[in-house]
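Notes to accompany the following structure.
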Amino acid sequence: MRKNKKKRLSRKQFYRKKRIKAIIKLSFVMLIIVTILSFGFTGSFYILDFIGFEGAKNVDSIDIKKMYLTPNEYSRPQTKLKRVKGIVVHYTANPGTTAEDNRNYFEGLSESHVTYASSHFVIGIKGEIVQCLPLNEMSYASNSRNDDTISIECCHQDASGKFTKETYDSLVNLTAWLCNKYHVPKKNVIRHYDITGKICPKYFVDHEDAWIKFKNEVFTK
């Protein structure tokens with residue numbers, strides 16, 4: 001019985017087939033590169049929220065003083081964050097105190113045991129930023145959103161809760177930096193008030209227009 005002979009390709013068909021193989025191979029390589037770059041770009045948490053991300057792209061370097069709390073049950077339980085889905089803004093409700101004063105209050109809870117409280121950052125009246133917790137650990141600041149948000153406490157001079165220009169500017173820059181780092185969309189920058197109804201941060205609850213202005217500034221950095 002005669003065996004079927006393999007059909008020979010013309011020179012044009014041969015080079016066409018070769019080009020197709022090269023394109024497929026290049027596409028596969030590009031897909032691998034894009035995937036690797038995507039996961040590298042998102043940092044240590046996740047990539048999902050990158051889709052549709054807007055704003056907060058170019059932020060000046062942030063001067064942050066790290067003063068981590070001592071691990072303890074009441075202010076630094078060392079519970080890992082599941083993922084960073086949002087940024088929560090607070091005010092200290094303690095007029096005239098400094099960022100370090102409020103950080104030290106959190107530290108003291110390890111001995112006083114009066115409550116559970118902490119924050120990732122505290123911004124002082126002069127705009128100084130103190131970091132109390134690593135960004136991969138949970139704070140006791142935002143109730144039901146403790147496990148998927150980063151919290152920022154802000155100092156203020158009086159009972160109105162209005163921030164100084166220095167505090168406000170640092171809050172804008174820090175929030176923008178965090179939104180860029182974790183790909184947090186505008187809708188996920190929230191107040192403590194938006195979670196529980198607590199009047200916090202007071203000035204941004206009493207003046208909705210100021211809150212809207214703040215968020216717009218964060219996402220035009």
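As shown in the structure tokens, the chain order sets the letters A, B, ...; within each chain, residues go from 1, and ligands are also counted from 1 in the order they appear.
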
Original post:
as a list in words, which residues of stretch 66-121 of chain A does DSSP assign to helix (DSSP H, G or I)?
Top reply: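 Of stretch 66-121 of chain A, the ones in helix (DSSP H, G or I) are Ala99, Glu100, Asp101, Asn102, Arg103, Asn104, Tyr105, Phe106, Glu107, Gly108, Leu109, Ser110, Glu111 and Ser112 of chain A.
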
Can those selected residues be exported to a file as a compact mmCIF listing (two decimals), in the first residue's frame so that it contains N, CA and C atoms?
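What follows is the written file again13.txt:
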# COMPACT_ATOMS: atom_id res chain seq x y z
N ALA A 99 1.13 64.91 67.84
CA ALA A 99 1.11 63.57 67.26
C ALA A 99 1.73 62.55 68.21
N GLU A 100 2.84 62.92 68.84
CA GLU A 100 3.50 62.00 69.76
C GLU A 100 2.68 61.78 71.04
N ASP A 101 1.96 62.82 71.47
CA ASP A 101 1.08 62.65 72.64
C ASP A 101 0.06 61.54 72.37
N ASN A 102 -0.54 61.59 71.19
CA ASN A 102 -1.57 60.61 70.85
C ASN A 102 -0.98 59.23 70.60
N ARG A 103 0.20 59.20 70.04
CA ARG A 103 0.89 57.92 69.87
C ARG A 103 1.18 57.30 71.23
N ASN A 104 1.63 58.14 72.16
CA ASN A 104 1.97 57.65 73.50
C ASN A 104 0.73 57.19 74.27
N TYR A 105 -0.41 57.82 73.97
CA TYR A 105 -1.66 57.35 74.57
C TYR A 105 -1.94 55.91 74.13
N PHE A 106 -1.78 55.65 72.84
CA PHE A 106 -1.97 54.28 72.34
C PHE A 106 -1.00 53.32 73.02
N GLU A 107 0.23 53.76 73.17
CA GLU A 107 1.25 52.93 73.82
C GLU A 107 0.86 52.61 75.26
N GLY A 108 0.31 53.60 75.94
CA GLY A 108 -0.05 53.42 77.34
C GLY A 108 -1.20 52.46 77.58
N LEU A 109 -1.97 52.17 76.54
CA LEU A 109 -3.08 51.23 76.69
C LEU A 109 -2.61 49.82 77.01
N SER A 110 -1.35 49.55 76.70
CA SER A 110 -0.80 48.23 77.02
C SER A 110 -0.74 47.99 78.52
N GLU A 111 -0.77 49.11 79.29
CA GLU A 111 -0.74 49.00 80.75
C GLU A 111 -2.07 49.40 81.39
N SER A 112 -2.73 50.43 80.81
CA SER A 112 -3.98 50.90 81.43
C SER A 112 -5.16 50.00 81.13

Original post:
Do you know which residues are at most 8 Å from A:Tyr116 counting only C-alpha atoms, after dropping those on the same chain fewer than 4 positions away, and could you put them as a list in words?
Top reply: Glu73, Tyr74, Ser75, Leu109 and Tyr140 of chain A

Grab the residues selected above and save them as an mmCIF file, in the first residue's frame with C-alpha atoms.
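Written out: out.cif:
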data_model
loop_
_atom_site.group_PDB
_atom_site.id
_atom_site.type_symbol
_atom_site.label_atom_id
_atom_site.label_comp_id
_atom_site.auth_asym_id
_atom_site.auth_seq_id
_atom_site.Cartn_x
_atom_site.Cartn_y
_atom_site.Cartn_z
ATOM 1 C CA GLU A 73 -3.456 43.187 73.083
ATOM 2 C CA TYR A 74 -4.928 46.696 73.426
ATOM 3 C CA SER A 75 -3.278 48.749 70.672
ATOM 4 C CA LEU A 109 -3.085 51.234 76.690
ATOM 5 C CA TYR A 140 -8.085 49.523 66.364
#

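Closest to A:Thr97 among A:Pro134, A:Ile125, A:Pro185, A:Phe214 is A:Ile125, based on only C-alpha atoms.
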
Original post:
Within 12 Å of A:Asp158, counting only C-alpha atoms, which residues qualify if same-chain residues fewer than 2 places away don't, as a PyMOL selection string?
Top reply: chain A and resi 91-97+125+155-156+160-164+202-203

**OP:** For atom CA of A:Arg83 and atom CA of A:Glu208, quote the distance in Å rounded to one decimal.
**Re:**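 Between atom CA of A:Arg83 and atom CA of A:Glu208 the gap is 28.2 Å.
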
Original post:
Restricting the calculation to only C-alpha atoms, which member of A:Gln131, A:Arg191, A:Gln78, A:Gly197 is positioned closest to A:Trp211?
Top reply: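 The answer is A:Arg191, which sits nearest to A:Trp211.
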
Subject >> Residue among A:Ser139, A:Thr98, A:Ser170, A:Ser119 lying closest to A:Gln157, counting only C-alpha atoms >> reply: A:Thr98

Original post:
When distances are computed from only C-alpha atoms, which of A:Lys65, A:Lys82, A:Lys187, A:Lys165 shows the smallest separation from A:His120?
Top reply: A:Lys65

**OP:** Find the residues around A:Asp148 up to 12 Å (only C-alpha atoms counted), leave out those fewer than 4 positions away in its own chain, and share them as an MDAnalysis selection string.
**Re:** chainID A and resid 45:46 79:88 135:144 182 184 188

Original post:
Please, what distance in Å, to one decimal, runs between atom CA of A:Ala210 and atom CA of A:Leu178?
Top reply: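 About the pair atom CA of A:Ala210 and atom CA of A:Leu178: they are 20.2 Å apart.
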